[in-house]
Each structure stands twice: as C-alpha cells, then as structure tokens.
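J.: Have a peek at input_0.csv (CSV, C-alpha atoms and all ligand atoms).
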chain,number,residue,atom,x,y,z
K,899,MET,CA,8.1,-17.5,-13.6
K,900,THR,CA,5.5,-15.7,-11.5
K,901,ARG,CA,3.3,-14.6,-14.4
K,902,ASP,CA,0.6,-17.2,-13.9
K,903,LEU,CA,0.5,-17.1,-10.1
K,904,LEU,CA,-2.5,-15.5,-8.5
K,905,LYS,CA,-1.5,-12.3,-6.7
K,906,ALA,CA,-2.7,-10.1,-3.9
K,907,GLU,CA,-1.5,-6.7,-2.7
K,908,LEU,CA,-2.0,-5.0,0.6
K,909,HIS,CA,0.2,-2.0,0.2
K,910,CYS,CA,-0.2,0.5,-2.7
K,911,HIS,CA,-0.8,4.2,-2.4
K,912,VAL,CA,-3.4,5.2,-4.9
K,913,GLU,CA,-1.8,8.4,-6.2
K,914,GLY,CA,1.5,6.6,-6.2
K,915,ALA,CA,0.0,4.2,-8.8
K,916,ALA,CA,-0.6,6.9,-11.3
K,917,PRO,CA,1.6,6.4,-14.4
K,918,PRO,CA,3.6,9.5,-15.5
K,919,ALA,CA,1.6,9.6,-18.8
K,920,LEU,CA,-1.7,9.9,-16.9
K,921,THR,CA,-0.2,12.6,-14.6
K,922,LEU,CA,0.9,14.6,-17.7
K,923,ALA,CA,-2.5,14.3,-19.2
K,924,GLN,CA,-4.2,15.4,-16.0
K,925,ALA,CA,-1.7,18.3,-15.6
K,926,GLU,CA,-2.4,19.5,-19.1
K,927,LYS,CA,-6.2,19.2,-18.5
K,928,TYR,CA,-5.9,21.6,-15.6
K,929,GLY,CA,-3.2,23.8,-17.1
K,930,ILE,CA,-0.6,22.9,-14.5
K,931,ASP,CA,3.2,23.0,-15.2
K,932,SER,CA,4.6,19.5,-14.6
K,933,THR,CA,8.2,20.0,-15.8
K,934,THR,CA,9.7,20.0,-12.3
K,935,PHE,CA,8.3,16.6,-11.4
K,936,VAL,CA,7.9,14.7,-14.7
K,937,ARG,CA,10.7,14.5,-17.2
K,938,ASN,CA,11.4,12.1,-20.1
K,939,GLY,CA,8.3,10.1,-19.1
K,940,ALA,CA,9.5,9.5,-15.5
K,941,TYR,CA,9.0,11.0,-12.1
K,942,VAL,CA,11.8,13.3,-10.8
K,943,TRP,CA,12.9,12.7,-7.2
K,944,GLN,CA,16.2,11.9,-5.5
K,945,ASP,CA,15.5,11.0,-1.9
K,946,PHE,CA,12.5,10.4,0.4
K,947,THR,CA,11.9,14.2,0.9
K,948,SER,CA,11.8,14.9,-2.9
K,949,PHE,CA,9.8,11.7,-3.4
K,950,ILE,CA,7.1,13.1,-1.1
K,951,ALA,CA,7.2,16.5,-2.9
K,952,CYS,CA,6.8,14.7,-6.3
K,953,TYR,CA,4.0,12.5,-4.8
K,954,ASP,CA,2.2,15.6,-3.6
K,955,PHE,CA,2.5,17.1,-7.0
K,956,VAL,CA,1.0,14.0,-8.7
K,957,ALA,CA,-1.9,14.0,-6.2
K,958,SER,CA,-2.6,17.7,-7.0
K,959,VAL,CA,-3.5,16.9,-10.6
K,960,PHE,CA,-6.4,14.6,-9.6
K,961,ARG,CA,-9.1,17.0,-8.7
K,962,THR,CA,-12.6,15.5,-9.2
K,963,GLU,CA,-14.4,12.3,-8.2
K,964,GLU,CA,-14.2,11.2,-11.9
K,965,ASP,CA,-10.4,11.8,-11.9
K,966,TYR,CA,-10.1,9.5,-8.9
K,967,ALA,CA,-12.5,7.0,-10.3
K,968,ALA,CA,-10.5,6.7,-13.5
K,969,LEU,CA,-7.2,6.3,-11.6
K,970,ALA,CA,-8.5,3.5,-9.4
K,971,GLU,CA,-10.2,1.7,-12.3
K,972,ALA,CA,-7.1,1.9,-14.5
K,973,TYR,CA,-4.8,0.6,-11.7
K,974,LEU,CA,-7.1,-2.2,-10.6
K,975,CYS,CA,-7.7,-3.4,-14.2
K,976,GLU,CA,-3.9,-3.5,-14.7
K,977,LEU,CA,-3.6,-5.6,-11.6
K,978,ALA,CA,-6.3,-7.9,-12.7
K,979,GLY,CA,-4.5,-8.3,-16.0
K,980,VAL,CA,-1.6,-9.9,-14.1
K,981,ASN,CA,-3.9,-12.3,-12.2
K,982,THR,CA,-4.4,-10.2,-9.1
K,983,ILE,CA,-7.5,-11.1,-7.2
K,984,TYR,CA,-7.3,-8.7,-4.3
K,985,SER,CA,-5.9,-5.2,-3.7
K,986,GLU,CA,-5.9,-2.9,-0.8
K,987,LEU,CA,-5.4,0.8,-1.7
K,988,PHE,CA,-4.0,3.4,0.6
K,989,VAL,CA,-6.0,6.5,0.2
K,990,SER,CA,-5.4,9.9,1.7
K,991,PRO,CA,-8.3,12.3,2.0
K,992,ASP,CA,-5.8,15.0,2.8
K,993,HIS,CA,-4.7,14.9,-0.8
K,994,GLY,CA,-8.3,15.4,-1.9
K,995,GLU,CA,-8.9,18.2,0.5
K,996,ALA,CA,-5.7,20.0,-0.7
K,997,VAL,CA,-7.4,20.5,-4.1
K,998,GLY,CA,-10.9,21.3,-2.7
K,999,LEU,CA,-12.4,17.8,-2.9
K,1000,SER,CA,-14.1,16.8,0.3
K,1001,ALA,CA,-13.0,13.6,2.0
K,1002,GLU,CA,-16.4,12.0,1.2
K,1003,ALA,CA,-16.2,13.0,-2.5
K,1004,TYR,CA,-12.6,11.7,-2.7
K,1005,ILE,CA,-13.8,8.3,-1.3
K,1006,GLU,CA,-16.9,8.2,-3.5
K,1007,GLY,CA,-14.8,8.8,-6.6
K,1008,LEU,CA,-12.4,6.0,-5.7
K,1009,ALA,CA,-15.3,3.7,-4.8
K,1010,GLU,CA,-16.8,4.3,-8.2
K,1011,GLY,CA,-13.5,3.2,-9.9
K,1012,ILE,CA,-13.2,0.2,-7.6
K,1013,GLN,CA,-16.8,-0.9,-8.6
K,1014,ARG,CA,-16.1,-0.4,-12.3
K,1015,ALA,CA,-12.9,-2.5,-12.1
K,1016,LYS,CA,-14.7,-5.2,-10.2
K,1017,ALA,CA,-17.5,-5.3,-12.8
K,1018,LYS,CA,-15.0,-5.6,-15.6
K,1019,THR,CA,-12.5,-8.1,-14.0
K,1020,GLY,CA,-13.8,-9.5,-10.7
K,1021,ILE,CA,-10.9,-8.0,-8.7
K,1022,GLU,CA,-11.8,-7.3,-5.1
K,1023,CYS,CA,-10.5,-4.1,-3.5
K,1024,ARG,CA,-10.8,-2.3,-0.2
K,1025,MET,CA,-9.5,1.1,0.9
K,1026,VAL,CA,-7.3,1.9,3.9
K,1027,ILE,CA,-7.4,5.5,5.1
K,1028,ILE,CA,-4.0,7.2,5.5
K,1029,GLY,CA,-3.0,9.8,8.1
K,1030,GLU,CA,0.1,11.6,6.9
K,1031,ARG,CA,2.7,11.6,9.6
K,1032,HIS,CA,4.5,14.8,8.5
K,1033,LEU,CA,1.2,16.7,8.8
K,1034,GLY,CA,1.6,16.2,12.5
K,1035,PRO,CA,-0.3,14.3,15.4
K,1036,ASP,CA,-3.2,16.7,15.4
K,1037,ASN,CA,-4.0,16.2,11.7
K,1038,VAL,CA,-3.7,12.4,12.0
K,1039,LEU,CA,-6.0,12.5,15.1
K,1040,ARG,CA,-8.4,14.7,13.1
K,1041,ARG,CA,-8.4,12.1,10.3
K,1042,ALA,CA,-9.0,9.2,12.7
K,1043,LYS,CA,-12.0,11.1,14.3
K,1044,TRP,CA,-13.4,11.7,10.9
K,1045,LEU,CA,-13.0,8.0,10.1
K,1046,ALA,CA,-14.7,6.9,13.3
K,1047,ASN,CA,-17.8,8.9,12.3
K,1048,TYR,CA,-17.7,7.8,8.7
K,1049,SER,CA,-18.9,4.6,7.1
K,1050,HIS,CA,-18.4,3.2,3.7
K,1051,PRO,CA,-18.4,-0.6,2.9
K,1052,LEU,CA,-15.2,-0.4,1.0
K,1053,VAL,CA,-13.3,1.6,3.7
K,1054,THR,CA,-12.0,-1.0,6.1
K,1055,GLY,CA,-8.6,0.2,7.6
K,1056,PHE,CA,-6.5,3.0,9.0
K,1057,ASN,CA,-2.8,3.5,8.5
K,1058,MET,CA,-0.1,6.2,8.9
K,1059,ALA,CA,2.4,7.0,6.1
K,1060,GLY,CA,4.7,9.9,5.3
K,1061,GLU,CA,7.9,11.1,6.9
K,1062,GLU,CA,8.8,8.4,9.5
K,1063,ARG,CA,11.7,10.5,10.8
K,1064,MET,CA,9.2,13.0,12.2
K,1065,ASN,CA,8.0,12.5,15.8
K,1066,ARG,CA,7.6,9.2,17.5
K,1067,VAL,CA,4.8,6.6,17.1
K,1068,VAL,CA,3.5,7.3,20.7
K,1069,ASP,CA,2.6,10.8,19.6
K,1070,TYR,CA,0.0,9.3,17.2
K,1071,ALA,CA,-1.2,6.5,19.4
K,1072,PRO,CA,-4.5,8.3,20.3
K,1073,ALA,CA,-5.5,8.4,16.6
K,1074,PHE,CA,-4.9,4.6,16.2
K,1075,GLN,CA,-6.9,3.9,19.4
K,1076,ILE,CA,-9.9,5.8,18.0
K,1077,ALA,CA,-9.7,4.0,14.6
K,1078,LYS,CA,-9.3,0.6,16.3
K,1079,GLU,CA,-12.2,1.2,18.7
K,1080,ALA,CA,-14.3,2.1,15.6
K,1081,GLY,CA,-13.6,-1.3,14.2
K,1082,TYR,CA,-11.0,-0.6,11.5
K,1083,GLY,CA,-8.1,-2.8,10.6
K,1084,ILE,CA,-4.8,-1.3,11.7
K,1085,THR,CA,-1.5,-1.0,9.9
K,1086,ILE,CA,1.3,1.5,10.1
K,1087,HIS,CA,4.4,2.4,8.1
K,1088,ALA,CA,7.4,1.7,10.3
K,1089,GLY,CA,10.9,0.3,9.9
K,1090,GLU,CA,11.4,1.8,6.5
K,1091,LEU,CA,13.3,5.1,6.9
K,1092,CYS,CA,13.9,4.5,10.6
K,1093,GLY,CA,15.4,1.5,12.3
K,1094,ALA,CA,14.1,-1.3,14.4
K,1095,PHE,CA,13.2,1.0,17.2
K,1096,SER,CA,10.3,2.4,15.1
K,1097,VAL,CA,8.8,-1.1,14.6
K,1098,THR,CA,9.2,-1.7,18.4
K,1099,ASP,CA,7.4,1.6,19.0
K,1100,ALA,CA,4.6,0.5,16.7
K,1101,LEU,CA,4.1,-2.8,18.5
K,1102,ASP,CA,4.3,-1.1,21.9
K,1103,HIS,CA,2.0,1.8,21.2
K,1104,VAL,CA,-0.3,0.7,18.3
K,1105,ALA,CA,-0.2,-3.1,18.3
K,1106,PRO,CA,-1.2,-3.4,14.6
K,1107,SER,CA,-2.0,-6.6,12.9
K,1108,ARG,CA,0.3,-5.5,10.0
K,1109,ILE,CA,3.2,-3.2,9.5
K,1110,GLY,CA,4.0,-1.3,6.3
K,1111,HIS,CA,7.6,-2.3,5.3
K,1112,GLY,CA,8.9,-3.3,8.8
K,1113,VAL,CA,12.0,-4.6,7.0
K,1114,ARG,CA,14.5,-2.8,9.2
K,1115,SER,CA,13.3,-5.1,12.0
K,1116,ILE,CA,16.2,-7.2,10.8
K,1117,GLU,CA,18.5,-4.9,12.8
K,1118,ASP,CA,17.1,-6.4,16.1
K,1119,THR,CA,17.0,-10.2,16.5
K,1120,ASP,CA,14.7,-10.0,19.5
K,1121,LEU,CA,12.3,-7.9,17.5
K,1122,VAL,CA,12.3,-10.4,14.6
K,1123,LYS,CA,11.4,-13.1,17.1
K,1124,ARG,CA,8.7,-10.9,18.6
K,1125,LEU,CA,7.1,-10.3,15.2
K,1126,ALA,CA,7.2,-14.0,14.4
K,1127,ASP,CA,5.6,-14.9,17.8
K,1128,LEU,CA,2.9,-12.3,17.4
K,1129,GLY,CA,2.2,-13.2,13.7
K,1130,THR,CA,2.4,-9.6,12.7
K,1131,VAL,CA,2.4,-9.4,8.9
K,1132,LEU,CA,5.0,-7.3,7.1
K,1133,GLU,CA,3.8,-5.6,3.9
K,1134,VAL,CA,7.2,-5.9,2.1
K,1135,CYS,CA,7.8,-3.7,-0.9
K,1136,PRO,CA,11.2,-4.9,-2.4
K,1137,ALA,CA,11.5,-2.5,-5.4
K,1138,SER,CA,10.5,0.5,-3.3
K,1139,ASN,CA,13.1,-0.4,-0.7
K,1140,ILE,CA,15.9,-0.5,-3.2
K,1141,ALA,CA,14.7,2.6,-5.0
K,1142,LEU,CA,14.6,4.6,-1.8
K,1143,LYS,CA,18.0,3.1,-0.8
K,1144,VAL,CA,16.7,1.4,2.4
K,1145,PHE,CA,19.0,-1.4,1.2
K,1146,PRO,CA,21.6,-1.1,-1.6
K,1147,ASP,CA,20.5,-4.1,-3.7
K,1148,HIS,CA,18.2,-7.1,-3.9
K,1149,GLN,CA,21.0,-9.4,-2.5
K,1150,SER,CA,21.1,-7.4,0.8
K,1151,HIS,CA,17.3,-7.2,1.1
K,1152,PRO,CA,16.3,-9.1,4.3
K,1153,LEU,CA,13.1,-10.8,3.0
K,1154,ARG,CA,14.7,-14.2,3.0
K,1155,GLN,CA,16.0,-13.8,6.6
K,1156,LEU,CA,12.7,-12.5,7.8
K,1157,ALA,CA,10.7,-15.3,6.1
K,1158,ASP,CA,13.1,-18.0,7.4
K,1159,ALA,CA,12.8,-16.5,10.9
K,1160,GLY,CA,9.0,-17.2,10.7
K,1161,VAL,CA,7.9,-13.6,10.2
K,1162,ARG,CA,4.7,-13.5,8.1
K,1163,VAL,CA,5.4,-11.5,4.9
K,1164,CYS,CA,3.6,-10.5,1.7
K,1165,ILE,CA,4.6,-8.8,-1.6
K,1166,ASN,CA,3.7,-5.2,-2.5
K,1167,SER,CA,4.6,-2.5,-5.0
K,1168,ASP,CA,4.0,0.7,-2.8
K,1169,ASP,CA,4.1,3.4,-5.5
K,1170,PRO,CA,4.9,1.4,-8.6
K,1171,PRO,CA,5.8,3.9,-11.3
K,1172,PHE,CA,7.8,6.1,-8.9
K,1173,PHE,CA,10.0,3.0,-8.3
K,1174,HIS,CA,10.0,1.7,-11.9
K,1175,THR,CA,8.1,-1.3,-10.8
K,1176,SER,CA,4.7,-3.0,-10.8
K,1177,LEU,CA,3.2,-5.7,-8.6
K,1178,ALA,CA,4.0,-8.3,-11.3
K,1179,GLN,CA,7.6,-7.0,-11.2
K,1180,ASP,CA,7.8,-7.2,-7.4
K,1181,TYR,CA,6.6,-10.9,-7.6
K,1182,GLU,CA,9.4,-11.5,-10.1
K,1183,ILE,CA,12.0,-9.8,-7.8
K,1184,VAL,CA,11.0,-12.1,-5.0
K,1185,ALA,CA,11.3,-15.1,-7.3
K,1186,ASN,CA,14.8,-13.9,-8.3
K,1187,MET,CA,15.7,-13.7,-4.6
K,1188,GLY,CA,15.3,-17.5,-4.6
K,1189,PHE,CA,11.7,-18.0,-3.4
K,1190,ASP,CA,10.0,-20.8,-5.2
K,1191,SER,CA,6.3,-20.8,-6.4
K,1192,ALA,CA,5.1,-22.6,-3.3
K,1193,GLU,CA,6.8,-20.0,-1.0
K,1194,ILE,CA,5.4,-17.1,-3.1
K,1195,ASN,CA,1.9,-18.6,-3.1
K,1196,ALA,CA,2.2,-18.8,0.7
K,1197,MET,CA,2.9,-15.0,0.8
K,1198,THR,CA,-0.2,-14.4,-1.3
K,1199,ARG,CA,-2.2,-16.5,1.1
K,1200,THR,CA,-0.7,-14.5,4.0
K,1201,ALA,CA,-1.9,-11.3,2.3
K,1202,ILE,CA,-5.4,-12.6,2.0
K,1203,GLU,CA,-5.4,-13.9,5.6
K,1204,ALA,CA,-4.3,-10.4,6.7
K,1205,ALA,CA,-6.6,-8.4,4.4
K,1206,PHE,CA,-9.1,-6.0,6.0
K,1207,VAL,CA,-12.1,-7.8,4.5
K,1208,ASP,CA,-15.2,-9.5,5.9
K,1209,GLU,CA,-14.9,-13.2,6.4
K,1210,GLU,CA,-17.1,-14.2,3.5
K,1211,THR,CA,-15.0,-12.3,1.0
K,1212,ARG,CA,-11.8,-13.8,2.6
K,1213,SER,CA,-13.1,-17.3,2.3
K,1214,LYS,CA,-14.0,-16.7,-1.4
K,1215,LEU,CA,-10.5,-15.3,-2.1
K,1216,LEU,CA,-8.9,-18.2,-0.3
K,1217,SER,CA,-10.9,-20.8,-2.2
K,1218,ARG,CA,-9.7,-19.2,-5.4
K,1219,LEU,CA,-6.1,-19.6,-4.3
K,1220,ASP,CA,-6.8,-23.2,-3.3
K,1221,ALA,CA,-8.7,-24.2,-6.5
K,1222,PRO,CA,-7.0,-27.1,-8.1
K,1223,THR,CA,-7.3,-25.5,-11.5
K,1224,ARG,CA,-6.0,-22.0,-11.4
K,1225,GLN,CA,-8.5,-19.4,-12.4
K,1226,ASP,CA,-7.3,-16.2,-13.9
K,1227,ALA,CA,-8.3,-12.9,-12.4
K,1228,SER,CA,-11.3,-12.5,-14.7
K,1229,GLY,CA,-12.8,-15.4,-12.8
K,1230,ASP,CA,-14.0,-17.1,-16.0
K,1231,GLY,CA,-12.2,-20.4,-15.0
K,1232,LEU,CA,-9.9,-20.4,-18.0
K,1233,VAL,CA,-6.1,-20.6,-17.6
K,1234,LYS,CA,-4.8,-18.3,-20.3
K,1301,LIG,N1,7.1,4.4,0.8
K,1301,LIG,C1,6.4,5.3,1.5
K,1301,LIG,N2,6.7,5.5,2.8
K,1301,LIG,C2,6.1,6.4,3.5
K,1301,LIG,N3,5.1,7.1,3.1
K,1301,LIG,C3,4.7,7.0,1.8
K,1301,LIG,N4,3.7,7.5,1.1
K,1301,LIG,C4,3.8,7.0,-0.2
K,1301,LIG,N5,4.8,6.1,-0.3
K,1301,LIG,C5,5.4,6.1,1.0
K,1302,ZN,ZN,3.8,2.9,1.6
Can you dump the structure from the file as structure tokens?
T.:
Amino acid sequence: MTRDLLKAELHCHVEGAAPPALTLAQAEKYGIDSTTFVRNGAYVWQDFTSFIACYDFVASVFRTEEDYAALAEAYLCELAGVNTIYSELFVSPDHGEAVGLSAEAYIEGLAEGIQRAKAKTGIECRMVIIGERHLGPDNVLRRAKWLANYSHPLVTGFNMAGEERMNRVVDYAPAFQIAKEAGYGITIHAGELCGAFSVTDALDHVAPSRIGHGVRSIEDTDLVKRLADLGTVLEVCPASNIALKVFPDHQSHPLRQLADAGVRVCINSDDPPFFHTSLAQDYEIVANMGFDSAEINAMTRTAIEAAFVDEETRSKLLSRLDAPTRQDASGDGLVK
C-alpha cells in the first residue's frame, strides 16, 4: 500500500543501519570475533542495555573513512530504492574516535558515501551529530563545543541519544545551548525509555524543534496539548518501539492518539536491522495502524518541513512531494 509513496526519514542512526551481513564481513576483514553479537544472520540483544552493547560492537567494525563511506552509500541507495527522497542520518563521532578515527575523518567518510548515493539516485541527506548521554554531560558538552568550531555543509544538527535513564536533561542543557547558538538544528531523544517527564524536561531545558521518539508523552494529556500547540515534531519509530518493548504491540502504540491530538509526527526506522525493520516496513506498519495515504503523505511532508536543511533544498523536496505526477526517487520522472 505504501510502496509507491515518496518517503522521508529524520531518525536513523548510521551504524544502526548496518545489515548483519555487512557487519560480519567487516569483522572478518579486521579479524574480530563477532559471535557474541551476530548469530544466525541477526543481531543478538535482549533489552536496551544489551542493544547498546551490540550497537557499540557493530560500530567498532567500521574503522576507516572508506568503511563509513560504503555504509552510508549502501543505506542511502537502499532508501532511494523505496522512493525515499530525504534522509537525516544520526552520526556519532565518539564511535569513530573509539577506533582511532578522528571526528573529522569520520564525517568526511560519511560525506563521501552521501555524495556517492546522491550522484547515483538523487537522494538528499544531512548529518546530525549525536552526543551519547551515557558518556556523561562532560562528553556531550565536549562534542557540542567541537561542533560549534566545526563546519561541514552536510552537518546541520545536534542531538543526544543513548541511555535516557541516566541523568536528567538539565544536566546536558549547556551542550544544547552551544549547538543552538552555533546555528544547528536541535533534536533530542526523550520519552522512549523514560516517561512523559523526560519530554517535559526536554521542552523546558532544550526547547528543540523535534524530539526523537517522544511517544511516551501520551502519558500526560497536558504535555500532548503543549506539543501540539508548540508544533514540536515527534520522530516516531514504530517498529523500534515494539522491539524495545516501549509498547507491547502495534495496537497499543499511541501514534493515532498523538496525530489525532494535533501533534506533528513523522515515520522513521531508528536502527532498522536491529529491529527487523526498514523505512519501507515502518511506512507499512503505519498504514496497518489505519492511516490512509493522504495521512501518511502528510507525515512525509512534516518530515521535510522539520528537516535540518537550507530553504532552497526544502522547497525542492516539497515540490517533489507536491508534483501531480509522482516521481520516483531517481528523479527521472518515471513512475515505476
Ligand atoms: N533507539 C535508541 N534510543 C536511544 N539511543 C539510541 N542509539 C541508537 N538507537 C537508539
Ligand atoms: Zn534513535
């Protein structure tokens, strides 16, 4: 049902997009034992803590600029193949540094892959720098200060991911202030592992234009109204939420309630192979929740409206969405 719809994604962690087969090939290339984290062609984890351990392992087998270029190129070409016109990748220089790759080299490698994918398919992509919450406030602050002194045309935002149950948002507020003053778009993971209070904290102390997940806002009616009034966009990741047991099943997922309450939402895959999903699959899940094509197109429009891109690129992307004859992601004007 959603196969032919144009798509856009604002929330995907780049190492989280690595298919297990690629991780295995990388591990073999570097002589790294992967049996703890990849078995029977699937990632091994049981809960959020072991998911992060598995994610860190996957990141550790990408070691050079070319490794990261190939990863970004492969993921973006896959997205373009299902009619995706825009992607925002969450990238964490801490993962590069952990294997001896400088933050700058990590970004340059990813940028090379983004440019190759754009040349092949026309897909637009920007990078959002992640500070990892579980590495502590000082490390997230260090990352924001680095970002404020860095400049790359494809790096347009700042975010915090990782263990939400560690510390409070206010502890990280100075980092967000620095990134915001430097002109970066701001989003933050909140309301995924922690309840509505975490989203309230994010609005009070960071005032982001978008929130990663944010779905547990549903536990606080006043907060849902506040999000709707502010126009804050929730980057909703349905398959991720079910896999990580934020909600038991699709029927109990609050996407419908949030959308009906006027909260701006869009559809995302988070870490697709970890959660046995893909962006195309998440679009299908949303259709199966009862959203029709017009409603899903409105979510794609919301993603592009909330994207951290220059206005000229945004206008071009919006006009592709609005074109009377749907173009496919290759931009060749043919409906296939
Ligand atoms: N779903 C998620 N929540 C928080 N941090 C993450 N890092 C990668 N995926 C994440
Ligand atoms: Zn995420």
J.: What's around Gly1007 of chain K at 9 Å? Count only C-alpha atoms, leave out sequence neighbours fewer than 4 positions away in its own chain, and write the answer as a list in words.
T.: Thr962, Glu963, Glu964, Asp965, Tyr966, Ala967, Ala968, Ala970, Glu1002, Ala1003, Gly1011 and Ile1012 of chain K
J.: Residues at most 9 Å from segment 1159-1174 of chain K, counting only C-alpha atoms, excluding those fewer than 3 positions away in the same chain, as a PDB file with C-alpha atoms, keeping the file's coordinate frame?
T.:
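Contents of the output file part.pdb:
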ATOM      1  CA  LYS K 905      -1.500 -12.300  -6.700  1.00  0.00           C
ATOM      2  CA  ALA K 906      -2.700 -10.100  -3.900  1.00  0.00           C
ATOM      3  CA  GLU K 907      -1.500  -6.700  -2.700  1.00  0.00           C
ATOM      4  CA  LEU K 908      -2.000  -5.000   0.600  1.00  0.00           C
ATOM      5  CA  HIS K 909       0.200  -2.000   0.200  1.00  0.00           C
ATOM      6  CA  CYS K 910      -0.200   0.500  -2.700  1.00  0.00           C
ATOM      7  CA  HIS K 911      -0.800   4.200  -2.400  1.00  0.00           C
ATOM      8  CA  VAL K 912      -3.400   5.200  -4.900  1.00  0.00           C
ATOM      9  CA  GLU K 913      -1.800   8.400  -6.200  1.00  0.00           C
ATOM     10  CA  GLY K 914       1.500   6.600  -6.200  1.00  0.00           C
ATOM     11  CA  ALA K 915       0.000   4.200  -8.800  1.00  0.00           C
ATOM     12  CA  ALA K 916      -0.600   6.900 -11.300  1.00  0.00           C
ATOM     13  CA  PRO K 917       1.600   6.400 -14.400  1.00  0.00           C
ATOM     14  CA  PRO K 918       3.600   9.500 -15.500  1.00  0.00           C
ATOM     15  CA  ALA K 940       9.500   9.500 -15.500  1.00  0.00           C
ATOM     16  CA  TYR K 941       9.000  11.000 -12.100  1.00  0.00           C
ATOM     17  CA  VAL K 942      11.800  13.300 -10.800  1.00  0.00           C
ATOM     18  CA  TRP K 943      12.900  12.700  -7.200  1.00  0.00           C
ATOM     19  CA  PHE K 949       9.800  11.700  -3.400  1.00  0.00           C
ATOM     20  CA  TYR K 953       4.000  12.500  -4.800  1.00  0.00           C
ATOM     21  CA  VAL K1122      12.300 -10.400  14.600  1.00  0.00           C
ATOM     22  CA  LYS K1123      11.400 -13.100  17.100  1.00  0.00           C
ATOM     23  CA  ARG K1124       8.700 -10.900  18.600  1.00  0.00           C
ATOM     24  CA  LEU K1125       7.100 -10.300  15.200  1.00  0.00           C
ATOM     25  CA  ALA K1126       7.200 -14.000  14.400  1.00  0.00           C
ATOM     26  CA  ASP K1127       5.600 -14.900  17.800  1.00  0.00           C
ATOM     27  CA  LEU K1128       2.900 -12.300  17.400  1.00  0.00           C
ATOM     28  CA  GLY K1129       2.200 -13.200  13.700  1.00  0.00           C
ATOM     29  CA  THR K1130       2.400  -9.600  12.700  1.00  0.00           C
ATOM     30  CA  VAL K1131       2.400  -9.400   8.900  1.00  0.00           C
ATOM     31  CA  LEU K1132       5.000  -7.300   7.100  1.00  0.00           C
ATOM     32  CA  GLU K1133       3.800  -5.600   3.900  1.00  0.00           C
ATOM     33  CA  VAL K1134       7.200  -5.900   2.100  1.00  0.00           C
ATOM     34  CA  CYS K1135       7.800  -3.700  -0.900  1.00  0.00           C
ATOM     35  CA  PRO K1136      11.200  -4.900  -2.400  1.00  0.00           C
ATOM     36  CA  ALA K1137      11.500  -2.500  -5.400  1.00  0.00           C
ATOM     37  CA  SER K1138      10.500   0.500  -3.300  1.00  0.00           C
ATOM     38  CA  ASN K1139      13.100  -0.400  -0.700  1.00  0.00           C
ATOM     39  CA  ILE K1140      15.900  -0.500  -3.200  1.00  0.00           C
ATOM     40  CA  ALA K1141      14.700   2.600  -5.000  1.00  0.00           C
ATOM     41  CA  LEU K1142      14.600   4.600  -1.800  1.00  0.00           C
ATOM     42  CA  LEU K1153      13.100 -10.800   3.000  1.00  0.00           C
ATOM     43  CA  ARG K1154      14.700 -14.200   3.000  1.00  0.00           C
ATOM     44  CA  GLN K1155      16.000 -13.800   6.600  1.00  0.00           C
ATOM     45  CA  LEU K1156      12.700 -12.500   7.800  1.00  0.00           C
ATOM     46  CA  LEU K1177       3.200  -5.700  -8.600  1.00  0.00           C
ATOM     47  CA  ALA K1178       4.000  -8.300 -11.300  1.00  0.00           C
ATOM     48  CA  GLN K1179       7.600  -7.000 -11.200  1.00  0.00           C
ATOM     49  CA  ASP K1180       7.800  -7.200  -7.400  1.00  0.00           C
ATOM     50  CA  TYR K1181       6.600 -10.900  -7.600  1.00  0.00           C
ATOM     51  CA  VAL K1184      11.000 -12.100  -5.000  1.00  0.00           C
ATOM     52  CA  ILE K1194       5.400 -17.100  -3.100  1.00  0.00           C
ATOM     53  CA  ALA K1196       2.200 -18.800   0.700  1.00  0.00           C
ATOM     54  CA  MET K1197       2.900 -15.000   0.800  1.00  0.00           C
ATOM     55  CA  THR K1198      -0.200 -14.400  -1.300  1.00  0.00           C
ATOM     56  CA  ARG K1199      -2.200 -16.500   1.100  1.00  0.00           C
ATOM     57  CA  THR K1200      -0.700 -14.500   4.000  1.00  0.00           C
ATOM     58  CA  ALA K1201      -1.900 -11.300   2.300  1.00  0.00           C
TER      59      ALA K1201
END
J.: Go ahead and compute the interatomic distance for atom CA of Pro1152 of chain K and atom CA of Ser1115 of chain K, in Å to one decimal.
T.: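 Atom CA of Ser1115 of chain K lies at a distance of 9.2 Å from atom CA of Pro1152 of chain K.
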J.: So what do you get for atom CA of Gly1110 of chain K versus atom CA of Ile1086 of chain K, distance-wise?
T.: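 Between these atoms lies a distance of 5.4 Å.
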J.: Identify which of the residues K:Phe988, K:Phe960, K:Tyr928, K:Phe946 lies closest to ligand ZN 1302 (chain K), counting all atoms listed in the file when measuring atom-to-atom distances.
T.: K:Phe988
J.: Taking 6 positions as the minimum chain separation for residues in the same chain, which residues sit within 12 Å of Glu1079 of chain K when counting all atoms listed in the file? Answer as a list of chain:residue names.
T.: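 Close residues of Glu1079 of chain K: K:Ala1042, K:Lys1043, K:Leu1045, K:Ala1046, K:Asn1047, K:Gly1055, K:Phe1056, K:Pro1072, K:Ala1073, K:Val1104.
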J.: Atom CA of Val997 of chain K and atom CA of Ile930 of chain K, how far apart in Å?
T.: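 Distance between the two atoms: 12.7 Å.
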J.: Just want the 9 Å neighbourhood of segment 1064-1070 of chain K, counted on only C-alpha atoms, with same-chain residues fewer than 4 positions away dropped. Output as a VMD selection string.
T.: chain K and resid 1031 to 1032 1034 to 1036 1038 to 1039 1058 1060 1074 1088 1096 1099 to 1100 1102 to 1104
J.: Which is closer to ligand LIG 1301 (chain K) than all the others in K:Gly1083, K:Gly1093, K:Gly998, K:Gly1029, using all atoms listed in the file?
T.: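 When distances to ligand LIG 1301 (chain K) are compared using all atoms listed in the file, the smallest one comes from K:Gly1029.
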J.: Excluding Trp1044 of chain K and any residue of its chain fewer than 6 positions from it, enumerate the residues within 10 Å of it, using only C-alpha atoms, and give them as a list in words.
T.: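 Result of the neighbour search: Ala1001, Val1038, Ile1076 and Ala1077 of chain K.
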J.: Taking all atoms listed in the file into account, which of K:His1151, K:Asp945, K:Ser985, K:Ala1204 comes nearest ligand LIG 1301 (chain K)?
T.: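 The shortest atom-to-atom distance to ligand LIG 1301 (chain K) comes from K:Asp945.
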J.: In terms of the shortest atom-to-atom distance over all atoms listed in the file, which of K:Glu1182, K:Glu986, K:Glu1006, K:Glu1062 is closest to ligand LIG 1301 (chain K)?
T.: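 Closest residue, counting all atoms listed in the file: K:Glu1062.
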J.: For ligand ZN 1302 (chain K), which residue out of K:Cys1023, K:Ile1084, K:Met1187, K:Val989 is the nearest one, using all atoms listed in the file?
T.: K:Val989
